[in-house]
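Participant: Provided herewith: my_file.cif, mmCIF, C-alpha atoms.
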```cif
data_data
loop_
_atom_site.group_PDB
_atom_site.id
_atom_site.type_symbol
_atom_site.label_atom_id
_atom_site.label_comp_id
_atom_site.auth_asym_id
_atom_site.auth_seq_id
_atom_site.Cartn_x
_atom_site.Cartn_y
_atom_site.Cartn_z
ATOM 1 C CA MET A 1 0.000 0.000 0.000
ATOM 2 C CA SER A 2 1.349 3.412 -0.897
ATOM 3 C CA GLY A 3 1.699 5.665 2.139
ATOM 4 C CA PRO A 4 1.370 9.409 2.136
ATOM 5 C CA ALA A 5 5.094 10.026 2.534
ATOM 6 C CA ARG A 6 5.853 8.158 -0.666
ATOM 7 C CA ARG A 7 3.108 9.822 -2.664
ATOM 8 C CA HIS A 8 3.784 13.287 -1.342
ATOM 9 C CA PRO A 9 7.474 13.523 -0.434
ATOM 10 C CA VAL A 10 7.496 17.338 -0.493
ATOM 11 C CA SER A 11 4.921 17.655 2.223
ATOM 12 C CA ARG A 12 7.048 16.161 4.988
ATOM 13 C CA ASN A 13 9.718 18.826 4.625
ATOM 14 C CA LEU A 14 7.588 21.921 5.036
ATOM 15 C CA PRO A 15 6.461 22.845 8.530
ATOM 16 C CA SER A 16 2.888 24.102 8.318
ATOM 17 C CA ALA A 17 1.635 23.703 11.871
ATOM 18 C CA GLY A 18 1.492 27.383 12.781
ATOM 19 C CA LEU A 19 -0.045 28.642 9.564
ATOM 20 C CA GLY A 20 -3.512 30.106 9.198
ATOM 21 C CA ASP A 21 -6.050 28.671 6.768
ATOM 22 C CA GLU A 22 -5.092 30.921 3.897
ATOM 23 C CA GLY A 23 -1.387 30.196 4.368
ATOM 24 C CA LEU A 24 -2.077 26.468 4.379
ATOM 25 C CA ALA A 25 -4.188 26.801 1.254
ATOM 26 C CA ARG A 26 -1.351 28.619 -0.524
ATOM 27 C CA ARG A 27 1.095 25.904 0.527
ATOM 28 C CA ALA A 28 -1.260 23.187 -0.650
ATOM 29 C CA VAL A 29 -1.554 24.841 -4.064
ATOM 30 C CA ALA A 30 2.246 24.896 -4.236
ATOM 31 C CA GLY A 31 2.338 21.151 -3.712
ATOM 32 C CA ASP A 32 2.558 20.831 0.071
ATOM 33 C CA HIS A 33 0.132 18.015 0.578
ATOM 34 C CA GLU A 34 0.531 18.041 4.329
ATOM 35 C CA ALA A 35 -0.810 21.595 4.367
ATOM 36 C CA PHE A 36 -4.029 20.371 2.810
ATOM 37 C CA GLU A 37 -4.179 17.479 5.266
ATOM 38 C CA ARG A 38 -3.977 20.029 8.077
ATOM 39 C CA LEU A 39 -6.888 21.944 6.618
ATOM 40 C CA VAL A 40 -8.859 18.710 6.457
ATOM 41 C CA GLU A 41 -8.040 17.953 10.089
ATOM 42 C CA ARG A 42 -9.061 21.465 11.069
ATOM 43 C CA TYR A 43 -12.440 21.379 9.336
ATOM 44 C CA ARG A 44 -13.540 17.763 8.992
ATOM 45 C CA ASP A 45 -15.586 17.711 12.234
ATOM 46 C CA ARG A 46 -17.358 20.952 11.400
ATOM 47 C CA VAL A 47 -18.050 19.912 7.820
ATOM 48 C CA TYR A 48 -19.423 16.569 8.988
ATOM 49 C CA ARG A 49 -21.687 18.164 11.606
ATOM 50 C CA LEU A 50 -22.942 20.723 9.082
ATOM 51 C CA SER A 51 -23.592 17.976 6.551
ATOM 52 C CA ARG A 52 -25.531 15.903 9.080
ATOM 53 C CA ARG A 53 -27.705 18.865 9.899
ATOM 54 C CA LEU A 54 -28.320 19.820 6.293
ATOM 55 C CA THR A 55 -28.952 16.325 4.957
ATOM 56 C CA GLY A 56 -30.502 14.707 8.042
ATOM 57 C CA SER A 57 -28.705 11.456 7.328
ATOM 58 C CA ALA A 58 -25.411 9.889 8.407
ATOM 59 C CA SER A 59 -24.794 8.222 5.053
ATOM 60 C CA ASP A 60 -25.549 11.403 3.104
ATOM 61 C CA ALA A 61 -23.311 13.367 5.459
ATOM 62 C CA GLU A 62 -20.494 10.926 4.755
ATOM 63 C CA GLU A 63 -20.919 11.468 1.039
ATOM 64 C CA VAL A 64 -20.998 15.242 1.461
ATOM 65 C CA LEU A 65 -17.908 15.189 3.680
ATOM 66 C CA GLN A 66 -15.855 13.295 1.122
ATOM 67 C CA GLU A 67 -17.208 15.284 -1.807
ATOM 68 C CA THR A 68 -16.455 18.566 -0.018
ATOM 69 C CA PHE A 69 -12.780 17.885 0.574
ATOM 70 C CA VAL A 70 -12.127 16.248 -2.786
ATOM 71 C CA SER A 71 -13.878 19.120 -4.526
ATOM 72 C CA ALA A 72 -12.086 21.709 -2.371
ATOM 73 C CA TYR A 73 -8.735 20.158 -3.290
ATOM 74 C CA ARG A 74 -9.527 20.240 -6.983
ATOM 75 C CA ARG A 75 -10.660 23.858 -6.819
ATOM 76 C CA LEU A 76 -7.945 25.066 -4.478
ATOM 77 C CA GLY A 77 -6.060 26.764 -7.315
ATOM 78 C CA GLY A 78 -9.073 29.011 -7.795
ATOM 79 C CA PHE A 79 -9.200 30.053 -4.134
ATOM 80 C CA ARG A 80 -8.140 33.704 -4.213
ATOM 81 C CA GLY A 81 -8.573 34.501 -0.556
ATOM 82 C CA GLU A 82 -11.279 37.082 -1.288
ATOM 83 C CA ALA A 83 -13.446 35.333 1.285
ATOM 84 C CA ALA A 84 -12.090 33.464 4.301
ATOM 85 C CA PHE A 85 -11.110 29.882 3.600
ATOM 86 C CA SER A 86 -13.822 28.722 6.014
ATOM 87 C CA THR A 87 -16.481 30.636 4.063
ATOM 88 C CA TRP A 88 -15.226 29.166 0.807
ATOM 89 C CA LEU A 89 -15.248 25.647 2.272
ATOM 90 C CA TYR A 90 -18.677 26.022 3.887
ATOM 91 C CA ARG A 91 -20.005 27.152 0.524
ATOM 92 C CA ILE A 92 -18.697 23.988 -1.123
ATOM 93 C CA ALA A 93 -20.110 21.799 1.668
ATOM 94 C CA THR A 94 -23.481 23.547 1.685
ATOM 95 C CA ASN A 95 -23.832 23.275 -2.075
ATOM 96 C CA ALA A 96 -22.843 19.606 -1.986
ATOM 97 C CA ALA A 97 -25.455 18.923 0.696
ATOM 98 C CA LEU A 98 -28.169 20.816 -1.143
ATOM 99 C CA MET A 99 -27.371 19.099 -4.429
ATOM 100 C CA LEU A 100 -27.516 15.724 -2.752
ATOM 101 C CA ARG A 101 -30.856 16.499 -1.103
ATOM 102 C CA ARG A 102 -32.340 17.739 -4.345
ATOM 103 C CA GLY A 103 -31.230 14.583 -6.093
ATOM 104 C CA ARG A 104 -32.907 12.382 -3.515
ATOM 105 C CA ALA A 105 -36.560 11.507 -3.878
ATOM 106 C CA ARG A 106 -37.633 12.714 -0.459
ATOM 107 C CA HIS A 107 -41.010 11.969 0.951
ATOM 108 C CA PRO A 108 -43.011 15.158 0.996
ATOM 109 C CA THR A 109 -43.096 16.551 4.493
ATOM 110 C CA GLU A 110 -45.589 18.817 6.129
ATOM 111 C CA PRO A 111 -44.114 22.265 6.565
ATOM 112 C CA LEU A 112 -43.950 23.831 9.983
ATOM 113 C CA ASP A 113 -46.093 26.877 9.231
ATOM 114 C CA ASP A 114 -48.778 25.636 11.587
ATOM 115 C CA TYR A 115 -46.355 26.226 14.453
ATOM 116 C CA LEU A 116 -45.936 29.927 13.812
ATOM 117 C CA PRO A 117 -47.338 32.090 16.619
ATOM 118 C CA ARG A 118 -50.983 33.071 16.390
ATOM 119 C CA PHE A 119 -52.494 36.376 17.364
ATOM 120 C CA ASP A 120 -56.003 37.607 17.958
ATOM 121 C CA ARG A 121 -57.530 40.583 16.172
ATOM 122 C CA GLN A 122 -55.928 42.983 18.616
ATOM 123 C CA GLY A 123 -52.477 41.525 17.893
ATOM 124 C CA ARG A 124 -52.208 39.720 21.247
ATOM 125 C CA HIS A 125 -50.981 36.154 21.579
ATOM 126 C CA ALA A 126 -54.059 34.121 20.761
ATOM 127 C CA ARG A 127 -53.621 31.558 23.487
ATOM 128 C CA ASP A 128 -53.104 32.054 27.168
ATOM 129 C CA ALA A 129 -50.720 29.133 27.366
ATOM 130 C CA ASP A 130 -47.403 28.502 29.079
ATOM 131 C CA HIS A 131 -45.380 30.034 26.280
ATOM 132 C CA ALA A 132 -42.113 29.579 28.187
ATOM 133 C CA ARG A 133 -42.495 25.817 28.533
ATOM 134 C CA ALA A 134 -40.630 25.051 25.292
ATOM 135 C CA ALA A 135 -37.488 26.485 26.904
ATOM 136 C CA ASP A 136 -37.515 23.471 29.225
ATOM 137 C CA ALA A 137 -37.760 20.909 26.419
ATOM 138 C CA GLU A 138 -34.445 19.341 27.429
ATOM 139 C CA THR A 139 -35.633 18.591 30.940
ATOM 140 C CA ILE A 140 -39.154 17.576 29.946
ATOM 141 C CA LEU A 141 -38.321 15.288 27.039
ATOM 142 C CA ASP A 142 -36.205 12.197 26.851
ATOM 143 C CA ARG A 143 -32.893 12.997 25.126
ATOM 144 C CA GLU A 144 -33.339 10.465 22.321
ATOM 145 C CA ARG A 145 -36.851 11.628 21.617
ATOM 146 C CA LEU A 146 -35.796 15.247 21.524
ATOM 147 C CA ALA A 147 -32.913 14.435 19.158
ATOM 148 C CA ARG A 148 -35.247 12.498 16.863
ATOM 149 C CA HIS A 149 -37.799 15.285 16.779
ATOM 150 C CA ALA A 150 -35.129 17.941 16.328
ATOM 151 C CA ARG A 151 -33.882 16.150 13.199
ATOM 152 C CA LEU A 152 -37.449 15.770 12.000
ATOM 153 C CA ALA A 153 -38.158 19.448 12.614
ATOM 154 C CA LEU A 154 -35.113 20.498 10.580
ATOM 155 C CA GLU A 155 -36.257 18.148 7.839
ATOM 156 C CA ARG A 156 -39.659 19.822 7.817
ATOM 157 C CA LEU A 157 -38.281 23.323 7.564
ATOM 158 C CA PRO A 158 -38.402 24.571 3.984
ATOM 159 C CA GLU A 159 -34.884 24.682 2.561
ATOM 160 C CA ARG A 160 -34.806 28.475 2.322
ATOM 161 C CA TYR A 161 -35.204 28.633 6.096
ATOM 162 C CA ARG A 162 -33.336 25.501 7.100
ATOM 163 C CA THR A 163 -30.012 26.361 5.471
ATOM 164 C CA PRO A 164 -29.601 29.873 6.947
ATOM 165 C CA PHE A 165 -30.824 28.621 10.337
ATOM 166 C CA VAL A 166 -28.363 25.716 10.372
ATOM 167 C CA LEU A 167 -25.430 27.897 9.346
ATOM 168 C CA ARG A 168 -26.185 30.758 11.682
ATOM 169 C CA ASP A 169 -27.841 29.307 14.743
ATOM 170 C CA LEU A 170 -26.507 25.756 14.799
ATOM 171 C CA GLU A 171 -23.048 26.227 13.286
ATOM 172 C CA GLU A 172 -22.908 29.716 14.806
ATOM 173 C CA LEU A 173 -21.436 31.493 11.796
ATOM 174 C CA PRO A 174 -21.752 35.281 11.796
ATOM 175 C CA THR A 175 -24.586 36.674 9.665
ATOM 176 C CA ALA A 176 -22.077 38.168 7.210
ATOM 177 C CA GLU A 177 -20.476 34.761 6.635
ATOM 178 C CA VAL A 178 -23.854 33.069 6.164
ATOM 179 C CA ALA A 179 -24.801 35.777 3.688
ATOM 180 C CA SER A 180 -21.564 35.192 1.803
ATOM 181 C CA VAL A 181 -21.961 31.394 1.799
ATOM 182 C CA LEU A 182 -25.529 31.605 0.510
ATOM 183 C CA GLY A 183 -25.243 34.690 -1.691
ATOM 184 C CA LEU A 184 -28.029 36.440 0.215
ATOM 185 C CA SER A 185 -28.276 39.872 1.787
ATOM 186 C CA HIS A 186 -27.733 40.172 5.544
ATOM 187 C CA ALA A 187 -31.324 41.307 5.943
ATOM 188 C CA LEU A 188 -32.680 38.257 4.142
ATOM 189 C CA VAL A 189 -30.522 35.894 6.197
ATOM 190 C CA ARG A 190 -31.803 37.467 9.424
ATOM 191 C CA GLN A 191 -35.397 37.392 8.224
ATOM 192 C CA ARG A 192 -35.181 33.695 7.335
ATOM 193 C CA VAL A 193 -33.393 32.727 10.535
ATOM 194 C CA HIS A 194 -36.045 34.567 12.542
ATOM 195 C CA ARG A 195 -38.859 32.749 10.787
ATOM 196 C CA ALA A 196 -37.101 29.408 11.255
ATOM 197 C CA ARG A 197 -36.729 30.130 14.973
ATOM 198 C CA LEU A 198 -40.418 30.977 15.251
ATOM 199 C CA MET A 199 -41.449 27.740 13.558
ATOM 200 C CA LEU A 200 -39.039 25.634 15.597
ATOM 201 C CA ARG A 201 -40.047 27.340 18.839
ATOM 202 C CA GLY A 202 -43.657 26.496 18.040
ATOM 203 C CA TYR A 203 -42.738 22.934 17.211
ATOM 204 C CA LEU A 204 -40.882 22.538 20.512
ATOM 205 C CA SER A 205 -43.905 23.993 22.308
ATOM 206 C CA HIS A 206 -46.111 21.429 20.644
ATOM 207 C CA LEU A 207 -43.704 18.659 21.702
ATOM 208 C CA VAL A 208 -43.968 19.686 25.344
ATOM 209 C CA GLY A 209 -47.746 19.870 25.171
ATOM 210 C CA VAL A 210 -48.341 23.572 24.553
ATOM 211 C CA GLU A 211 -49.959 24.700 21.320
ATOM 212 C CA PRO A 212 -48.113 27.741 19.936
ATOM 213 C CA MET B 16 -49.817 59.638 17.225
ATOM 214 C CA THR B 17 -48.145 56.415 18.298
ATOM 215 C CA ARG B 18 -50.090 53.191 18.295
ATOM 216 C CA THR B 19 -49.841 50.901 21.294
ATOM 217 C CA LEU B 20 -47.365 48.133 20.663
ATOM 218 C CA THR B 21 -48.878 44.644 20.446
ATOM 219 C CA CYS B 22 -47.531 41.131 20.968
ATOM 220 C CA ARG B 23 -47.465 40.718 17.184
ATOM 221 C CA ASP B 24 -45.319 43.848 16.802
ATOM 222 C CA GLY B 25 -42.930 42.541 19.431
ATOM 223 C CA VAL B 26 -42.604 39.114 17.820
ATOM 224 C CA ARG B 27 -41.903 40.752 14.472
ATOM 225 C CA VAL B 28 -38.771 42.449 15.843
ATOM 226 C CA LEU B 29 -37.829 39.820 18.403
ATOM 227 C CA MET B 30 -34.583 38.811 16.726
ATOM 228 C CA ASP B 31 -33.435 42.432 16.686
ATOM 229 C CA VAL B 32 -34.485 42.821 20.326
ATOM 230 C CA THR B 33 -32.649 39.731 21.571
ATOM 231 C CA GLU B 34 -29.505 40.725 19.669
ATOM 232 C CA GLY B 35 -29.565 44.359 20.759
ATOM 233 C CA ARG B 36 -30.029 45.714 17.238
ATOM 234 C CA LEU B 37 -33.166 47.756 17.755
ATOM 235 C CA PRO B 38 -32.896 51.557 18.062
ATOM 236 C CA ALA B 39 -33.133 52.613 21.721
ATOM 237 C CA ARG B 40 -36.581 54.204 21.502
ATOM 238 C CA ARG B 41 -38.112 51.198 19.792
ATOM 239 C CA ARG B 42 -36.358 48.834 22.168
ATOM 240 C CA ARG B 43 -37.765 50.656 25.181
ATOM 241 C CA ALA B 44 -41.252 50.395 23.713
ATOM 242 C CA VAL B 45 -40.865 46.637 23.207
ATOM 243 C CA GLU B 46 -39.393 46.171 26.679
ATOM 244 C CA ALA B 47 -42.252 48.140 28.206
ATOM 245 C CA HIS B 48 -44.759 45.896 26.455
ATOM 246 C CA VAL B 49 -42.985 42.675 27.387
ATOM 247 C CA GLY B 50 -42.595 43.846 30.986
ATOM 248 C CA GLY B 51 -46.348 43.962 31.327
ATOM 249 C CA CYS B 52 -47.259 40.956 29.187
ATOM 250 C CA ARG B 53 -46.894 37.509 30.719
ATOM 251 C CA ARG B 54 -47.506 35.764 27.388
ATOM 252 C CA CYS B 55 -44.702 37.719 25.725
ATOM 253 C CA GLN B 56 -42.340 37.033 28.615
ATOM 254 C CA GLY B 57 -42.832 33.309 28.126
ATOM 255 C CA PHE B 58 -42.585 33.656 24.378
ATOM 256 C CA VAL B 59 -39.292 35.549 24.573
ATOM 257 C CA ALA B 60 -37.825 32.932 26.938
ATOM 258 C CA SER B 61 -38.647 30.059 24.611
ATOM 259 C CA TYR B 62 -37.585 32.001 21.507
ATOM 260 C CA ARG B 63 -34.189 32.680 23.069
ATOM 261 C CA ALA B 64 -33.787 29.030 24.114
ATOM 262 C CA THR B 65 -34.750 27.471 20.776
ATOM 263 C CA PRO B 66 -31.424 27.686 18.854
ATOM 264 C CA GLY B 67 -29.460 26.190 21.744
ATOM 265 C CA ILE B 68 -31.904 23.325 22.198
ATOM 266 C CA LEU B 69 -31.768 22.482 18.496
ATOM 267 C CA ARG B 70 -27.974 22.865 18.461
ATOM 268 C CA ARG B 71 -27.425 20.428 21.296
ATOM 269 C CA ALA B 72 -30.036 17.983 20.034
ATOM 270 C CA THR B 73 -28.513 17.776 16.545
ATOM 271 C CA ALA B 74 -24.823 17.827 17.448
ATOM 272 C CA ALA B 75 -23.130 14.941 15.637
ATOM 273 C CA ARG B 76 -19.589 13.695 16.075
ATOM 274 C CA LEU B 77 -17.512 12.502 13.180
ATOM 275 C CA PRO B 78 -17.169 8.715 13.545
ATOM 276 C CA ALA B 79 -13.499 7.714 13.943
ATOM 277 C CA SER B 80 -13.775 5.176 11.118
ATOM 278 C CA LEU B 81 -15.055 7.866 8.770
ATOM 279 C CA GLY B 82 -12.234 10.182 9.805
ATOM 280 C CA ARG B 83 -9.728 7.465 8.907
ATOM 281 C CA ARG B 84 -11.451 6.775 5.597
ATOM 282 C CA LEU B 85 -11.401 10.465 4.750
ATOM 283 C CA GLY B 86 -7.694 10.582 5.611
ATOM 284 C CA ARG B 87 -7.015 7.773 3.151
ATOM 285 C CA ILE B 88 -9.013 9.511 0.426
ATOM 286 C CA VAL B 89 -7.196 12.787 0.991
ATOM 287 C CA ARG B 90 -3.783 11.134 0.947
ATOM 288 C CA SER B 91 -4.614 9.433 -2.326
ATOM 289 C CA LEU B 92 -5.297 12.752 -4.070
ATOM 290 C CA PRO B 93 -2.719 13.911 -6.650
ATOM 291 C CA SER B 94 0.292 15.705 -5.174
ATOM 292 C CA ARG B 95 -0.893 19.043 -6.609
ATOM 293 C CA PRO B 96 -4.467 20.295 -6.872
#
```
Write the structure described by the file as C-alpha cells, please.
Facilitator:
Amino acid sequence: MSGPARRHPVSRNLPSAGLGDEGLARRAVAGDHEAFERLVERYRDRVYRLSRRLTGSASDAEEVLQETFVSAYRRLGGFRGEAAFSTWLYRIATNAALMLRRGRARHPTEPLDDYLPRFDRQGRHARDADHARAADAETILDRERLARHARLALERLPERYRTPFVLRDLEELPTAEVASVLGLSHALVRQRVHRARLMLRGYLSHLVGVEP
Amino acid sequence: MTRTLTCRDGVRVLMDVTEGRLPARRRRAVEAHVGGCRRCQGFVASYRATPGILRRATAARLPASLGRRLGRIVRSLPSRP
C-alpha cells in the first residue's frame, strides 16, 4: 500500500503547523500536501456536523464530507482569498449537501407553518398558554426523543429557512459569513433565521404539550 | 400619534431585540410591552432558548472510522491540486 510520505514527499519537509487557513491553502496549491491534510483535520468535524444537519442522514453526510474535501482540493487553485477559507469551504459543503438532497426523492413533508405564533384581532398572543415551557424541552423530554424530533423538525423546515438557520444558529457562523456562503443579503438571512426560529419554537412547544 | 405596541409587533422584531439591534426608543417600547405581558415574557424565553436546544439535540460527532477513511481519500489525491 502506498503511504502518504511516498506519494507526497514534499509535504514532509515543510512545517505548516502554525499557519492560518489561507497560508495552508497557498502551501497546498504549491504542492505541500501536508498543508491540505492540516486543513482537512481542522475542518472535517465541522463539515461533517454541518452535513448531518443539512442532509438529516449519516450516510448522506459521509458522502458530502468526502465530496467537499475532494472538490475543495480540486478547486484550491481558484481560491483567491477574497473570502475566508472557512467561508469558501462552507459554501462547497453547503452546495454539496443541497445538491444531494435535491437529487434524492424525499417523501413530501408537512411544513412547519402551523407552528408559527398566532395572534387575535388585537395583535395579542391568541392563546393564554405557558409560552415559556418550550425552553424546558431538554428537561421535559427524553434525550433520544428530543434528538429524533429535532432532526425531523429540521427536515420539515423549507430549505430556504433551514439552510440559513443551520449555518447561523446551529453552526454559529456570523450573519455576514452566512450571507456570503448563501449569496443572500444580511437582511434576508436574518429574516429567514427569525422565521425558522419561530417555527421551531412552536414545534418545541407542541412537543412539550403547549400549542403555539 | 403612536399606536400601542402589540404582541405581534414585538414578535416581528424579536430577533433584533434579543440581539440588541433595535434603536433605543423602539427597544424601550418593546421592553415596556414585554414587561407587562406575561404571554410575551414566556414567548421571549422560549424564543431565546430554541437555537441552543436544536444545536445540542442535533450535534453529531464525526465517527473515527469515517475520519480514517477520509484521511485515506485525501492522501490518495494527486500531489498538486
Participant: Would you compute the box with edges along x, y and z of the file around region 23-31 of chain A, including every atom the file lists for it and 4 Å extra on each side, and give its centre and edge lengths in Å to one decimal, as AutoDock Vina command-line options?
Facilitator:
```
--center_x -0.9 --center_y 25.7 --center_z 0.1 --size_x 14.5 --size_y 17.0 --size_z 16.6
```
Participant: Please report as CSV every residue of chain A lying within 8 Å of chain B, along with the nearest atom pair and their distance in Å (one decimal), using only C-alpha atoms.
Facilitator:
```
residue,atom,partner,partner_atom,distance
A:Gly3,CA,B:Arg90,CA,7.8
A:Pro4,CA,B:Arg90,CA,5.6
A:Arg7,CA,B:Ser94,CA,7.0
A:His8,CA,B:Ser94,CA,5.7
A:Ala28,CA,B:Arg95,CA,7.3
A:Val29,CA,B:Pro96,CA,6.1
A:Ala30,CA,B:Arg95,CA,7.1
A:Gly31,CA,B:Arg95,CA,4.8
A:Asp32,CA,B:Ser94,CA,7.7
A:His33,CA,B:Ser94,CA,6.2
A:Glu37,CA,B:Val89,CA,7.0
A:Arg44,CA,B:Gly82,CA,7.7
A:Asp45,CA,B:Leu77,CA,5.6
A:Tyr48,CA,B:Leu77,CA,6.1
A:Arg49,CA,B:Ala75,CA,5.4
A:Arg52,CA,B:Ala75,CA,7.0
A:Arg53,CA,B:Thr73,CA,6.8
A:Glu62,CA,B:Leu81,CA,7.4
A:Gln66,CA,B:Leu85,CA,6.4
A:Phe69,CA,B:Val89,CA,7.6
A:Val70,CA,B:Val89,CA,7.1
A:Tyr73,CA,B:Pro96,CA,5.6
A:Arg74,CA,B:Pro96,CA,5.1
A:Arg75,CA,B:Pro96,CA,7.1
A:Leu76,CA,B:Pro96,CA,6.4
A:Gly77,CA,B:Pro96,CA,6.7
A:Phe119,CA,B:Arg23,CA,6.6
A:Gln122,CA,B:Thr21,CA,7.5
A:Gly123,CA,B:Arg23,CA,5.1
A:Arg124,CA,B:Cys22,CA,4.9
A:His125,CA,B:Cys22,CA,6.1
A:Asp128,CA,B:Arg54,CA,6.7
A:Ala129,CA,B:Arg54,CA,7.4
A:Asp130,CA,B:Gly57,CA,6.7
A:His131,CA,B:Gly57,CA,4.5
A:Ala132,CA,B:Gly57,CA,3.8
A:Arg133,CA,B:Ser61,CA,6.9
A:Ala134,CA,B:Ser61,CA,5.4
A:Ala135,CA,B:Ser61,CA,4.4
A:Ala137,CA,B:Ile68,CA,7.6
A:Glu138,CA,B:Ile68,CA,7.0
A:Arg143,CA,B:Ala72,CA,7.7
A:Leu146,CA,B:Ala72,CA,6.5
A:Ala147,CA,B:Ala72,CA,4.7
A:Ala150,CA,B:Leu69,CA,6.1
A:Arg151,CA,B:Thr73,CA,6.5
A:Asp169,CA,B:Pro66,CA,5.7
A:Leu170,CA,B:Arg70,CA,4.9
A:Glu171,CA,B:Arg70,CA,7.9
A:Arg190,CA,B:Met30,CA,7.9
A:His194,CA,B:Met30,CA,6.1
A:Arg197,CA,B:Thr65,CA,6.7
A:Leu198,CA,B:Tyr62,CA,6.9
A:Leu200,CA,B:Thr65,CA,7.0
A:Arg201,CA,B:Thr65,CA,5.6
A:Leu204,CA,B:Thr65,CA,7.9
```
Participant: Take the residues that were just selected and, keeping C-alpha atoms, output them as a JSON list (two decimals), keeping the file's coordinate frame.
Facilitator:
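Okay, this is what ended up in part12.json:
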```json
[["chain", "number", "residue", "atom", "x", "y", "z"],
["A", 3, "GLY", "CA", 1.70, 5.66, 2.14],
["A", 4, "PRO", "CA", 1.37, 9.41, 2.14],
["A", 7, "ARG", "CA", 3.11, 9.82, -2.66],
["A", 8, "HIS", "CA", 3.78, 13.29, -1.34],
["A", 28, "ALA", "CA", -1.26, 23.19, -0.65],
["A", 29, "VAL", "CA", -1.55, 24.84, -4.06],
["A", 30, "ALA", "CA", 2.25, 24.90, -4.24],
["A", 31, "GLY", "CA", 2.34, 21.15, -3.71],
["A", 32, "ASP", "CA", 2.56, 20.83, 0.07],
["A", 33, "HIS", "CA", 0.13, 18.02, 0.58],
["A", 37, "GLU", "CA", -4.18, 17.48, 5.27],
["A", 44, "ARG", "CA", -13.54, 17.76, 8.99],
["A", 45, "ASP", "CA", -15.59, 17.71, 12.23],
["A", 48, "TYR", "CA", -19.42, 16.57, 8.99],
["A", 49, "ARG", "CA", -21.69, 18.16, 11.61],
["A", 52, "ARG", "CA", -25.53, 15.90, 9.08],
["A", 53, "ARG", "CA", -27.70, 18.86, 9.90],
["A", 62, "GLU", "CA", -20.49, 10.93, 4.76],
["A", 66, "GLN", "CA", -15.86, 13.30, 1.12],
["A", 69, "PHE", "CA", -12.78, 17.89, 0.57],
["A", 70, "VAL", "CA", -12.13, 16.25, -2.79],
["A", 73, "TYR", "CA", -8.74, 20.16, -3.29],
["A", 74, "ARG", "CA", -9.53, 20.24, -6.98],
["A", 75, "ARG", "CA", -10.66, 23.86, -6.82],
["A", 76, "LEU", "CA", -7.94, 25.07, -4.48],
["A", 77, "GLY", "CA", -6.06, 26.76, -7.32],
["A", 119, "PHE", "CA", -52.49, 36.38, 17.36],
["A", 122, "GLN", "CA", -55.93, 42.98, 18.62],
["A", 123, "GLY", "CA", -52.48, 41.52, 17.89],
["A", 124, "ARG", "CA", -52.21, 39.72, 21.25],
["A", 125, "HIS", "CA", -50.98, 36.15, 21.58],
["A", 128, "ASP", "CA", -53.10, 32.05, 27.17],
["A", 129, "ALA", "CA", -50.72, 29.13, 27.37],
["A", 130, "ASP", "CA", -47.40, 28.50, 29.08],
["A", 131, "HIS", "CA", -45.38, 30.03, 26.28],
["A", 132, "ALA", "CA", -42.11, 29.58, 28.19],
["A", 133, "ARG", "CA", -42.50, 25.82, 28.53],
["A", 134, "ALA", "CA", -40.63, 25.05, 25.29],
["A", 135, "ALA", "CA", -37.49, 26.48, 26.90],
["A", 137, "ALA", "CA", -37.76, 20.91, 26.42],
["A", 138, "GLU", "CA", -34.44, 19.34, 27.43],
["A", 143, "ARG", "CA", -32.89, 13.00, 25.13],
["A", 146, "LEU", "CA", -35.80, 15.25, 21.52],
["A", 147, "ALA", "CA", -32.91, 14.44, 19.16],
["A", 150, "ALA", "CA", -35.13, 17.94, 16.33],
["A", 151, "ARG", "CA", -33.88, 16.15, 13.20],
["A", 169, "ASP", "CA", -27.84, 29.31, 14.74],
["A", 170, "LEU", "CA", -26.51, 25.76, 14.80],
["A", 171, "GLU", "CA", -23.05, 26.23, 13.29],
["A", 190, "ARG", "CA", -31.80, 37.47, 9.42],
["A", 194, "HIS", "CA", -36.04, 34.57, 12.54],
["A", 197, "ARG", "CA", -36.73, 30.13, 14.97],
["A", 198, "LEU", "CA", -40.42, 30.98, 15.25],
["A", 200, "LEU", "CA", -39.04, 25.63, 15.60],
["A", 201, "ARG", "CA", -40.05, 27.34, 18.84],
["A", 204, "LEU", "CA", -40.88, 22.54, 20.51]]
```
Participant: So what do you get for CA of Gly81 (chain A) versus CA of Asp60 (chain A), distance-wise?
Facilitator: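 Atom-to-atom, CA of Gly81 (chain A) and CA of Asp60 (chain A) are spaced 28.9 Å apart.
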Participant: As an exercise, work out the distance from CA of Tyr203 (chain A) to CA of Pro111 (chain A) in Å and give it to one decimal place.
Facilitator: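 Straight-line distance from CA of Tyr203 (chain A) to CA of Pro111 (chain A) works out to 10.8 Å.
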Participant: With only C-alpha atoms as the counted atoms, please give the residues lying no more than 12 Å from region 87-93 of chain A, apart from itself and same-chain residues fewer than 6 positions off, as a ChimeraX atom specification.
Facilitator: /A:21-22,25,39-40,42-44,46-55,60-76,78-81,99-100,163-164,166-168,171,173-183
Participant: Enter the distance from CA of Tyr115 (chain A) to CA of Glu172 (chain A), in Å, rounded to one decimal.
Facilitator: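 Separation of CA of Tyr115 (chain A) and CA of Glu172 (chain A): 23.7 Å.
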Participant: Excluding Arg101 (chain A) and residues on its chain fewer than 4 positions from it, collect all residues at most 10 Å away from it, counting only C-alpha atoms, and give them as number ranges by chain.
Facilitator: A: 54-56, 60, 95-97, 105-106, 159
Participant: With only C-alpha atoms as the atoms that count, which of A:Ala58, A:Ala35, A:Ile140, A:Ala153 lies nearest to Gly202 (chain A)?
Facilitator: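 Of the candidates, the smallest distance to Gly202 (chain A) is held by A:Ala153.
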